[in-house]
$ cat run-v7.txt   # compact mmCIF, C-alpha atoms and all ligand atoms
# COMPACT_ATOMS: atom_id res chain seq x y z
CA MET A 19 19.08 33.61 -53.31
CA ASN A 20 20.47 30.63 -55.27
CA TYR A 21 20.22 26.93 -54.42
CA PHE A 22 23.62 26.91 -52.68
CA GLU A 23 22.83 29.89 -50.45
CA ASN A 24 19.42 28.47 -49.71
CA SER A 25 20.84 25.16 -48.52
CA LEU A 26 23.26 26.87 -46.15
CA LYS A 27 20.39 28.96 -44.83
CA LYS A 28 18.30 25.83 -44.32
CA LEU A 29 21.20 24.10 -42.54
CA LYS A 30 21.47 27.00 -40.11
CA SER A 31 17.76 27.08 -39.43
CA ASP A 32 17.73 23.30 -38.80
CA PHE A 33 20.68 23.48 -36.41
CA ILE A 34 20.71 26.83 -34.63
CA LEU A 35 18.32 27.28 -31.71
CA SER A 36 16.43 30.34 -30.54
CA ASN A 37 16.55 31.34 -26.85
CA THR A 38 13.03 29.99 -26.45
CA GLN A 39 14.07 26.61 -27.84
CA ILE A 40 17.11 26.54 -25.54
CA LEU A 41 14.90 27.25 -22.52
CA ASP A 42 12.45 24.58 -23.61
CA ILE A 43 15.26 22.00 -23.74
CA ALA A 44 16.50 23.23 -20.34
CA ASN A 45 13.07 22.63 -18.82
CA LYS A 46 12.83 19.16 -20.34
CA PHE A 47 16.32 18.37 -19.04
CA SER A 48 15.39 19.50 -15.57
CA LYS A 49 12.25 17.33 -15.59
CA SER A 50 14.25 14.33 -16.80
CA MET A 51 16.72 14.83 -13.95
CA LYS A 52 13.90 14.69 -11.43
CA ALA A 53 12.35 11.64 -13.11
CA GLY A 54 15.75 9.88 -13.10
CA LEU A 55 16.28 10.66 -9.41
CA ASP A 56 12.81 9.40 -8.55
CA GLY A 57 13.45 6.13 -10.39
CA LYS A 58 10.93 6.98 -13.12
CA LYS A 59 11.50 6.49 -16.87
CA SER A 60 14.22 8.92 -17.99
CA SER A 61 17.14 9.01 -20.41
CA LEU A 62 19.23 10.48 -17.56
CA LYS A 63 20.77 7.79 -15.37
CA MET A 64 21.44 10.10 -12.37
CA LEU A 65 24.14 7.85 -10.91
CA PRO A 66 25.19 8.29 -7.26
CA SER A 67 28.92 8.87 -6.74
CA PHE A 68 29.16 8.34 -2.95
CA VAL A 69 31.39 11.43 -2.97
CA GLY A 70 30.63 14.67 -1.11
CA ILE A 71 32.22 18.10 -1.19
CA PRO A 72 35.85 18.62 -0.11
CA THR A 73 36.78 21.27 2.46
CA GLY A 74 39.99 22.26 0.70
CA GLU A 75 41.99 21.12 3.73
CA GLU A 76 42.49 17.49 2.65
CA LYS A 77 46.25 16.80 2.47
CA GLY A 78 48.78 14.21 1.37
CA ILE A 79 50.44 12.55 -1.61
CA TYR A 80 48.27 10.42 -3.87
CA ALA A 81 48.52 8.49 -7.11
CA SER A 82 45.78 8.82 -9.68
CA ILE A 83 44.70 7.34 -12.99
CA ASP A 84 42.64 9.21 -15.55
CA PHE A 85 41.10 6.80 -18.05
CA GLY A 86 39.03 8.74 -20.56
CA GLY A 87 39.12 6.72 -23.76
CA THR A 88 41.77 8.39 -25.93
CA ASN A 89 44.78 8.44 -23.62
CA VAL A 90 45.33 7.10 -20.17
CA ARG A 91 47.08 9.52 -17.86
CA MET A 92 48.77 8.76 -14.53
CA PHE A 93 49.65 11.29 -11.90
CA THR A 94 51.20 11.70 -8.53
CA VAL A 95 49.54 14.63 -6.85
CA GLU A 96 50.11 16.45 -3.61
CA LEU A 97 47.13 18.05 -1.87
CA LEU A 98 48.56 20.90 0.13
CA GLY A 99 45.46 22.20 1.93
CA HIS A 100 44.14 25.81 1.68
CA GLY A 101 42.64 24.80 -1.69
CA LYS A 102 46.07 24.26 -3.25
CA THR A 103 47.28 21.21 -5.17
CA THR A 104 50.40 20.37 -7.12
CA ILE A 105 51.09 17.70 -9.72
CA ILE A 106 54.37 15.99 -8.88
CA LYS A 107 54.62 13.71 -11.90
CA GLN A 108 52.42 12.86 -14.84
CA ILE A 109 52.50 10.75 -17.96
CA SER A 110 50.03 10.33 -20.77
CA VAL A 111 49.96 7.21 -22.94
CA PRO A 112 47.73 6.72 -26.00
CA LEU A 113 45.38 3.76 -25.82
CA LYS A 114 46.12 2.94 -29.43
CA ASP A 115 49.38 3.34 -31.28
CA GLN A 116 49.58 2.04 -34.82
CA LYS A 117 53.39 2.30 -34.94
CA LYS A 118 53.82 0.31 -31.73
CA GLY A 119 51.14 -2.09 -32.95
CA TYR A 120 48.63 -1.97 -30.11
CA ASP A 121 45.01 -0.86 -29.68
CA TYR A 122 43.50 -1.31 -26.22
CA THR A 123 40.16 0.11 -27.39
CA SER A 124 39.39 -2.58 -29.98
CA ILE A 125 37.12 -5.58 -29.60
CA SER A 126 40.10 -7.90 -30.00
CA THR A 127 41.69 -6.70 -26.73
CA THR A 128 40.39 -7.77 -23.33
CA GLY A 129 39.89 -5.81 -20.13
CA THR A 130 42.71 -7.83 -18.55
CA ASP A 131 45.15 -6.65 -21.24
CA LEU A 132 43.92 -3.09 -20.82
CA PHE A 133 44.31 -2.97 -17.03
CA ASN A 134 47.72 -4.71 -17.14
CA PHE A 135 48.82 -1.99 -19.56
CA ILE A 136 47.52 0.70 -17.19
CA ALA A 137 49.21 -0.89 -14.17
CA ASP A 138 52.54 -1.16 -16.00
CA ASN A 139 52.47 2.54 -16.87
CA LEU A 140 51.36 3.60 -13.41
CA GLY A 141 54.24 1.65 -11.84
CA SER A 142 56.69 3.58 -14.00
CA ILE A 143 56.01 6.92 -12.23
CA LEU A 144 55.93 5.72 -8.62
CA ILE A 145 58.71 5.40 -6.06
CA PRO A 146 58.67 1.69 -5.05
CA THR A 147 59.44 2.37 -1.39
CA LEU A 148 56.51 4.81 -0.88
CA LYS A 149 52.87 3.89 -0.25
CA TYR A 150 50.23 5.56 -2.42
CA PRO A 151 46.49 5.82 -1.85
CA LEU A 152 44.99 5.85 -5.37
CA GLY A 153 42.07 7.65 -6.97
CA HIS A 154 40.84 6.30 -10.30
CA THR A 155 38.88 8.34 -12.81
CA PHE A 156 36.98 6.12 -15.19
CA SER A 157 34.99 8.24 -17.64
CA PHE A 158 32.13 5.94 -18.57
CA PRO A 159 28.68 5.27 -17.13
CA CYS A 160 29.10 3.04 -14.08
CA HIS A 161 26.79 1.66 -11.43
CA GLN A 162 28.53 2.87 -8.35
CA LEU A 163 28.05 0.39 -5.50
CA ASP A 164 30.26 2.35 -3.16
CA VAL A 165 32.95 5.00 -3.50
CA ASN A 166 35.47 2.30 -4.46
CA LYS A 167 33.21 -0.14 -6.28
CA ALA A 168 31.92 0.59 -9.78
CA LYS A 169 30.54 -1.64 -12.51
CA LEU A 170 30.72 -0.48 -16.13
CA ILE A 171 27.19 -0.23 -17.54
CA LYS A 172 28.28 0.21 -21.17
CA TRP A 173 31.15 1.62 -23.12
CA THR A 174 30.58 4.97 -24.82
CA LYS A 175 32.74 7.07 -27.19
CA GLU A 176 33.06 4.07 -29.57
CA ILE A 177 35.35 2.05 -27.23
CA LYS A 178 34.93 -1.68 -27.79
CA THR A 179 37.43 -3.49 -25.49
CA SER A 180 36.03 -6.95 -24.68
CA TYR A 181 35.02 -8.34 -21.27
CA VAL A 182 34.71 -5.01 -19.49
CA GLU A 183 31.01 -4.12 -19.82
CA GLY A 184 29.17 -5.41 -16.76
CA GLN A 185 32.45 -5.99 -14.88
CA GLU A 186 33.61 -4.38 -11.65
CA ILE A 187 36.27 -1.94 -12.82
CA SER A 188 37.73 -1.58 -9.35
CA GLU A 189 38.33 -5.36 -9.17
CA MET A 190 39.93 -5.42 -12.63
CA LEU A 191 42.36 -2.70 -11.55
CA LYS A 192 43.14 -4.48 -8.25
CA SER A 193 43.91 -7.75 -10.09
CA ALA A 194 46.22 -5.94 -12.50
CA LEU A 195 48.07 -4.20 -9.63
CA LYS A 196 48.53 -7.60 -7.98
CA GLU A 197 49.68 -9.20 -11.23
CA LYS A 198 52.27 -6.43 -11.68
CA LYS A 199 53.33 -6.76 -7.99
CA LEU A 200 52.49 -3.11 -7.29
CA HIS A 201 51.82 -3.77 -3.60
CA ASN A 202 52.42 -0.14 -2.61
CA ILE A 203 49.26 1.18 -4.35
CA PHE A 204 45.98 1.23 -2.44
CA PRO A 205 42.87 2.00 -4.56
CA LYS A 206 40.50 4.17 -2.50
CA ALA A 207 38.01 5.72 -4.91
CA ILE A 208 36.70 5.32 -8.43
CA ILE A 209 34.95 8.32 -9.95
CA ASN A 210 33.60 9.75 -13.20
CA ASP A 211 35.64 12.52 -14.88
CA THR A 212 32.85 15.06 -14.27
CA ILE A 213 33.13 14.32 -10.54
CA GLY A 214 36.92 14.83 -10.75
CA THR A 215 36.38 18.19 -12.42
CA PHE A 216 33.80 19.18 -9.78
CA LEU A 217 36.11 18.17 -6.91
CA THR A 218 39.13 19.99 -8.33
CA SER A 219 37.13 23.20 -8.60
CA ALA A 220 35.33 22.74 -5.25
CA TYR A 221 38.67 22.11 -3.46
CA ASN A 222 39.30 25.83 -3.59
CA ASN A 223 35.83 27.19 -4.23
CA PRO A 224 32.73 26.35 -2.20
CA LEU A 225 30.40 27.86 -4.84
CA THR A 226 31.05 25.06 -7.36
CA SER A 227 27.67 23.58 -8.28
CA ILE A 228 28.28 21.76 -11.56
CA GLY A 229 31.20 19.78 -13.00
CA SER A 230 31.23 19.14 -16.72
CA ILE A 231 33.32 17.66 -19.51
CA CYS A 232 33.09 19.21 -22.97
CA GLY A 233 35.62 17.08 -24.81
CA THR A 234 35.62 13.80 -26.74
CA GLY A 235 32.51 12.96 -24.74
CA HIS A 236 30.07 15.13 -22.86
CA ASN A 237 28.58 14.79 -19.41
CA SER A 238 27.87 16.79 -16.25
CA CYS A 239 27.46 16.22 -12.52
CA TYR A 240 26.12 18.39 -9.69
CA PHE A 241 25.74 18.30 -5.94
CA GLU A 242 22.35 17.03 -4.85
CA ASP A 243 21.71 18.88 -1.61
CA ASN A 244 19.76 16.92 0.92
CA SER A 245 19.52 19.69 3.50
CA ASP A 246 15.73 19.94 3.10
CA GLY A 247 15.51 16.21 3.69
CA ASN A 248 13.52 15.52 0.54
CA ARG A 249 16.03 13.72 -1.54
CA LYS A 250 17.83 10.53 -0.76
CA ASN A 251 21.10 11.43 -2.41
CA ASN A 252 23.20 13.86 -0.42
CA MET A 253 26.18 13.60 -2.70
CA ILE A 254 27.49 14.48 -6.15
CA ILE A 255 25.34 12.90 -8.84
CA ASN A 256 26.70 11.84 -12.23
CA ILE A 257 23.89 12.81 -14.59
CA GLU A 258 25.26 11.02 -17.70
CA SER A 259 23.80 13.90 -19.67
CA GLY A 260 25.27 12.62 -22.94
CA ASN A 261 22.40 10.13 -23.06
CA PHE A 262 19.66 12.83 -22.92
CA ASN A 263 17.32 12.08 -25.82
CA GLU A 264 14.59 14.71 -25.90
CA ILE A 265 16.07 16.77 -28.72
CA PRO A 266 15.02 15.95 -32.29
CA PHE A 267 17.72 14.64 -34.62
CA THR A 268 18.20 16.17 -38.08
CA ASN A 269 18.65 13.72 -40.98
CA TYR A 270 22.41 14.20 -40.66
CA ASP A 271 22.33 13.20 -36.98
CA LEU A 272 20.33 10.13 -37.95
CA LEU A 273 22.96 9.09 -40.49
CA LEU A 274 25.68 9.50 -37.85
CA ASP A 275 23.72 7.54 -35.28
CA ILE A 276 23.11 4.65 -37.70
CA GLU A 277 26.80 4.30 -38.55
CA SER A 278 27.86 4.52 -34.85
CA ASP A 279 28.77 1.54 -32.70
CA LYS A 280 25.65 1.85 -30.55
CA PRO A 281 22.76 3.41 -32.48
CA GLY A 282 20.18 4.97 -30.16
CA ASP A 283 22.63 5.45 -27.27
CA GLN A 284 24.24 8.74 -26.21
CA HIS A 285 21.78 10.83 -28.25
CA LEU A 286 22.95 14.24 -26.97
CA GLU A 287 26.63 13.26 -26.96
CA LYS A 288 26.38 12.49 -30.68
CA MET A 289 25.18 16.09 -31.25
CA VAL A 290 27.75 17.80 -29.01
CA GLY A 291 30.81 15.62 -28.32
CA GLY A 292 34.24 15.94 -29.95
CA ARG A 293 34.22 12.24 -30.85
CA TYR A 294 31.33 12.96 -33.24
CA LEU A 295 31.45 16.59 -34.42
CA GLY A 296 34.11 15.98 -37.09
CA GLU A 297 32.15 13.06 -38.47
CA LEU A 298 28.88 14.99 -38.40
CA THR A 299 30.59 17.77 -40.39
CA ARG A 300 31.87 15.20 -42.89
CA ILE A 301 28.39 13.73 -43.33
CA ILE A 302 26.96 17.19 -44.12
CA ILE A 303 29.83 17.97 -46.51
CA SER A 304 29.32 14.64 -48.29
CA GLU A 305 25.63 15.48 -48.85
CA TYR A 306 26.66 18.86 -50.32
CA ILE A 307 29.08 17.05 -52.63
CA LYS A 308 26.41 14.55 -53.69
CA ASN A 309 24.11 17.48 -54.50
CA LYS A 310 26.94 19.03 -56.58
CA LEU A 311 27.00 22.16 -54.43
CA ILE A 312 30.73 22.12 -53.65
CA PHE A 313 34.05 20.80 -55.01
CA ALA A 314 32.76 20.81 -58.57
CA LYS A 315 36.37 20.85 -59.77
CA GLY A 316 38.14 18.82 -57.11
CA ASN A 317 38.53 15.18 -56.30
CA SER A 318 36.26 14.92 -53.30
CA GLU A 319 36.11 11.13 -52.96
CA MET A 320 37.82 11.28 -49.57
CA PHE A 321 34.79 12.89 -47.98
CA MET A 322 32.83 9.71 -48.63
CA SER A 323 34.87 7.70 -46.08
CA PRO A 324 33.87 7.91 -42.41
CA ASN A 325 35.97 9.62 -39.76
CA ILE A 326 38.41 11.51 -41.98
CA ILE A 327 37.56 14.76 -40.21
CA LYS A 328 38.53 15.02 -36.55
CA SER A 329 37.15 17.62 -34.17
CA GLU A 330 40.63 19.29 -34.15
CA ASP A 331 40.20 19.92 -37.90
CA LEU A 332 37.08 21.96 -37.20
CA SER A 333 39.25 24.65 -35.58
CA CYS A 334 40.85 25.26 -38.95
CA PHE A 335 37.50 25.17 -40.84
CA MET A 336 36.21 27.85 -38.50
CA VAL A 337 38.85 30.40 -39.41
CA ASN A 338 36.98 32.50 -41.93
CA LYS A 339 39.97 33.64 -43.96
CA GLY A 340 40.07 30.56 -46.13
CA ASP A 341 43.82 29.95 -46.19
CA SER A 342 43.66 27.44 -43.39
CA ILE A 343 40.79 25.61 -45.13
CA LYS A 344 42.71 25.64 -48.44
CA ASP A 345 45.85 24.26 -46.75
CA TRP A 346 43.82 21.54 -45.08
CA LEU A 347 42.17 20.55 -48.37
CA ASN A 348 45.53 20.58 -50.17
CA SER A 349 47.44 18.55 -47.62
CA LYS A 350 44.78 16.13 -46.39
CA CYS A 351 42.63 15.61 -49.49
CA ASN A 352 44.78 16.61 -52.46
CA ILE A 353 42.11 19.09 -53.49
CA PHE A 354 43.78 22.08 -55.16
CA ASN A 355 41.04 23.74 -57.17
CA VAL A 356 39.27 25.34 -54.25
CA LEU A 357 36.52 27.86 -55.03
CA PRO A 358 35.30 30.60 -52.65
CA GLN A 359 31.99 28.75 -52.46
CA ASP A 360 33.77 25.59 -51.16
CA ILE A 361 35.47 27.61 -48.43
CA MET A 362 32.26 29.34 -47.47
CA ALA A 363 30.44 25.99 -47.21
CA LEU A 364 33.09 24.33 -45.00
CA ASN A 365 33.28 27.39 -42.78
CA THR A 366 29.52 27.66 -42.37
CA ILE A 367 28.98 23.93 -41.82
CA ALA A 368 31.70 23.65 -39.14
CA SER A 369 30.61 26.85 -37.36
CA THR A 370 26.98 25.72 -37.38
CA VAL A 371 27.79 22.27 -35.98
CA ILE A 372 29.91 23.85 -33.24
CA LEU A 373 27.35 26.51 -32.37
CA ARG A 374 24.64 23.89 -31.90
CA SER A 375 26.97 21.94 -29.59
CA ILE A 376 27.45 25.09 -27.49
CA GLN A 377 23.73 25.88 -27.39
CA LEU A 378 22.72 22.37 -26.39
CA ILE A 379 25.31 22.17 -23.64
CA ALA A 380 24.19 25.60 -22.39
CA ALA A 381 20.61 24.29 -22.32
CA THR A 382 21.63 21.35 -20.11
CA PHE A 383 23.51 23.67 -17.72
CA ILE A 384 20.44 25.85 -17.37
CA GLY A 385 18.38 22.70 -16.79
CA ILE A 386 20.73 21.70 -13.95
CA LEU A 387 20.69 25.21 -12.45
CA LEU A 388 16.88 25.15 -12.55
CA HIS A 389 16.94 21.86 -10.66
CA ILE A 390 19.24 23.05 -7.90
CA ASP A 391 18.12 26.67 -7.57
CA GLN A 392 14.81 27.18 -9.36
CA ASN A 393 14.71 30.97 -9.06
CA LEU A 394 18.46 31.38 -9.51
CA GLU A 395 18.86 33.13 -6.18
CA LYS A 396 22.40 31.96 -5.41
CA ASP A 397 25.76 32.29 -7.17
CA HIS A 398 27.06 29.19 -8.91
CA ILE A 399 30.32 28.05 -10.44
CA ILE A 400 30.26 25.68 -13.39
CA ALA A 401 33.60 23.82 -13.55
CA ILE A 402 34.48 22.70 -17.09
CA ASP A 403 37.30 20.60 -18.51
CA GLY A 404 37.72 19.16 -21.99
CA SER A 405 39.33 19.65 -25.37
CA LEU A 406 36.36 21.27 -27.14
CA TYR A 407 35.96 23.90 -24.45
CA GLU A 408 39.69 24.52 -24.33
CA ASN A 409 40.71 24.33 -27.97
CA ILE A 410 37.88 25.21 -30.35
CA PRO A 411 38.13 28.92 -31.21
CA GLY A 412 35.29 30.88 -29.62
CA TYR A 413 33.73 27.86 -27.87
CA ALA A 414 34.27 29.15 -24.33
CA GLU A 415 33.18 32.73 -25.10
CA LYS A 416 30.04 31.66 -26.97
CA LEU A 417 29.04 29.26 -24.20
CA ASP A 418 29.37 32.06 -21.68
CA ILE A 419 27.34 34.49 -23.82
CA THR A 420 24.60 31.91 -24.51
CA LEU A 421 24.25 31.20 -20.80
CA LYS A 422 24.22 34.88 -19.87
CA ASN A 423 21.61 35.69 -22.52
CA ILE A 424 19.22 33.21 -21.01
CA SER A 425 19.79 32.82 -17.31
CA LYS A 426 20.19 35.61 -14.80
CA ASN A 427 23.84 36.42 -14.45
CA ARG A 428 24.29 34.26 -11.34
CA PHE A 429 27.08 31.95 -12.43
CA SER A 430 30.66 31.94 -13.59
CA ILE A 431 32.69 29.32 -15.38
CA ASP A 432 35.86 27.85 -13.91
CA MET A 433 38.04 26.24 -16.55
CA VAL A 434 39.64 23.31 -14.80
CA LYS A 435 42.80 21.70 -16.14
CA ASN A 436 43.73 18.12 -15.27
CA GLY A 437 40.49 17.95 -13.30
CA SER A 438 40.24 14.20 -13.69
CA GLY A 439 43.70 13.44 -12.33
CA VAL A 440 43.70 15.92 -9.45
CA GLY A 441 40.01 15.25 -8.67
CA ALA A 442 40.68 11.51 -8.34
CA ALA A 443 43.36 12.29 -5.73
CA ILE A 444 40.86 14.51 -3.85
CA ALA A 445 38.26 11.72 -3.97
CA ALA A 446 40.84 9.29 -2.51
CA ALA A 447 41.57 11.83 0.24
CA LEU A 448 37.86 12.15 1.07
CA VAL A 449 37.54 8.43 1.77
C1 LIG A 501 30.57 9.09 -20.68
C2 LIG A 501 30.61 9.88 -19.39
C3 LIG A 501 31.82 10.80 -19.40
C4 LIG A 501 31.82 11.66 -20.66
C5 LIG A 501 33.01 12.59 -20.73
C6 LIG A 501 30.67 10.01 -21.89
O1 LIG A 501 30.76 9.27 -23.06
O2 LIG A 501 29.37 8.34 -20.76
O3 LIG A 501 30.68 9.01 -18.28
O4 LIG A 501 31.76 11.61 -18.26
O5 LIG A 501 31.84 10.83 -21.79
O6 LIG A 501 34.20 11.91 -20.75

$ encode --input "run-v7.txt" --output "structure tokens"
Amino acid sequence: MNYFENSLKKLKSDFILSNTQILDIANKFSKSMKAGLDGKKSSLKMLPSFVGIPTGEEKGIYASIDFGGTNVRMFTVELLGHGKTTIIKQISVPLKDQKKGYDYTSISTTGTDLFNFIADNLGSILIPTLKYPLGHTFSFPCHQLDVNKAKLIKWTKEIKTSYVEGQEISEMLKSALKEKKLHNIFPKAIINDTIGTFLTSAYNNPLTSIGSICGTGHNSCYFEDNSDGNRKNNMIINIESGNFNEIPFTNYDLLLDIESDKPGDQHLEKMVGGRYLGELTRIIISEYIKNKLIFAKGNSEMFMSPNIIKSEDLSCFMVNKGDSIKDWLNSKCNIFNVLPQDIMALNTIASTVILRSIQLIAATFIGILLHIDQNLEKDHIIAIDGSLYENIPGYAEKLDITLKNISKNRFSIDMVKNGSGVGAAIAAALV
């Protein structure tokens, strides 16, 4: 085996986990959940949501906001009962738009600007003469003081908007609605996106046990059952699993962490989340270039600048035929002299980074299942939403296989679409 083949082999052995390693992580995750719940030292925040499980018979017309960090989406939703919902109207607006000259995620914008922007857009889809109870999904770690009161602990996913951390998000939204004279909107609930995903699935399926986002960011929630009287939280708990830190970093992860906005934070999310997987792939590729293993004949300077690879690009790297990789290199990097070795490296690196993301997320799901049903005696539904799960080729299938290989076959996955928008409406209905 030559040096090139050896380095790809080493990369795989550093990244890809055995079933025993996955189970070990699952056990650690489960212990950290318990520690977090008991107020002991833990990287898992285990935040109460003050939201319980819907019956599926909640009804009415609601407005909702889904603020996740890339786009902000607004909905009007009708809950019809019998587990059925319908989206009446929806819009999605990017939080930054170079052509229009705005960026509501940058440090130079304030929370007031951001929420005024949200209120303006929300107003555009509502009928002024109707009254709307509102559910608000805010996909960041928050101290929830009540179902309609949440304080942002810290931004994640590299958002930097000023004067929001430590603030009451619910109050900022209320002020913006007042400022924009939207007196027909009544905020009722503020929830995490994982909770929205959970609620949307649970609205028509009582077996839902876990809600999860596998997208730009990663996180999960679950229902903490108090029926045995031992635990104080009889509600859905937002784990903030993206912050789990009991998995060793490779040197590549370390490089990514150092260049991130908040080194040390969101340890797991930096290994599994769409915001980071493209960049992690770029970091590995750049090391291969520095070691003269690939692109011997091409101009590979571009790979030295951060963030040129997005997680969407990984889909094309993972197609093993090579044409899609060649096209990408031609059009994005002006690299035309592509050798089979270059294609093989990009394909293996991207597939390895993605497979580790799948395995680590599977490990956390098993950890949660162990916490709620130690001997896996009941059936469980894991509700998942998010761009990685939906769009990366093979992601959903491999996640399912990894879970089935390790745990008893007592769960199924429910892919939830628009979980955050519909779930926020359900949360508003539960209040
Ligand atoms: C946030 C979570 C959120 C997840 C998915 C993470 O960065 O901390 O609150 O649920 O992203 O959007």

$ residues_around --input "run-v7.txt" --residues "Gly385 (chain A)" --least-positions-apart "2" --cutoff "7 Å" --atoms "all atoms listed in the file" --output "PyMOL selection string"
chain A and resi 44-45+47-48+381-383+387-389

$ atom_distance --input "run-v7.txt" --atom1 "CA of Glu277 (chain A)" --atom2 "CA of Leu62 (chain A)"
23.2 Å

$ residues_near_ligand --input "run-v7.txt" --ligand "ligand LIG 501 (chain A)" --cutoff "6 Å" --atoms "all atoms listed in the file" --output "list of chain:residue names"
A:Gly86, A:Ser157, A:Phe158, A:Pro159, A:Thr174, A:Lys175, A:Asn210, A:Asp211, A:Thr212, A:Ile231, A:Gly235, A:His236, A:Asn237, A:Glu258

$ residues_near_point --input "run-v7.txt" --point "(45.7, 11.6, -1.8)" --cutoff "7 Å" --atoms "all atoms listed in the file" --output "ChimeraX atom specification"
/A:77-81,96-97,151-152,443-444,446-447

$ residues_around --input "run-v7.txt" --residues "Glu242 (chain A)" --least-positions-apart "6" --cutoff "12 Å" --atoms "only C-alpha atoms" --output "MDAnalysis selection string"
chainID A and resid 51:52 55 64:71 227:228 248:257 386:387 389:391

$ closest_residue --input "run-v7.txt" --among "A:Cys351, A:Val356, A:Cys239, A:Leu364" --to "Phe216 (chain A)" --atoms "all atoms listed in the file"
A:Cys239
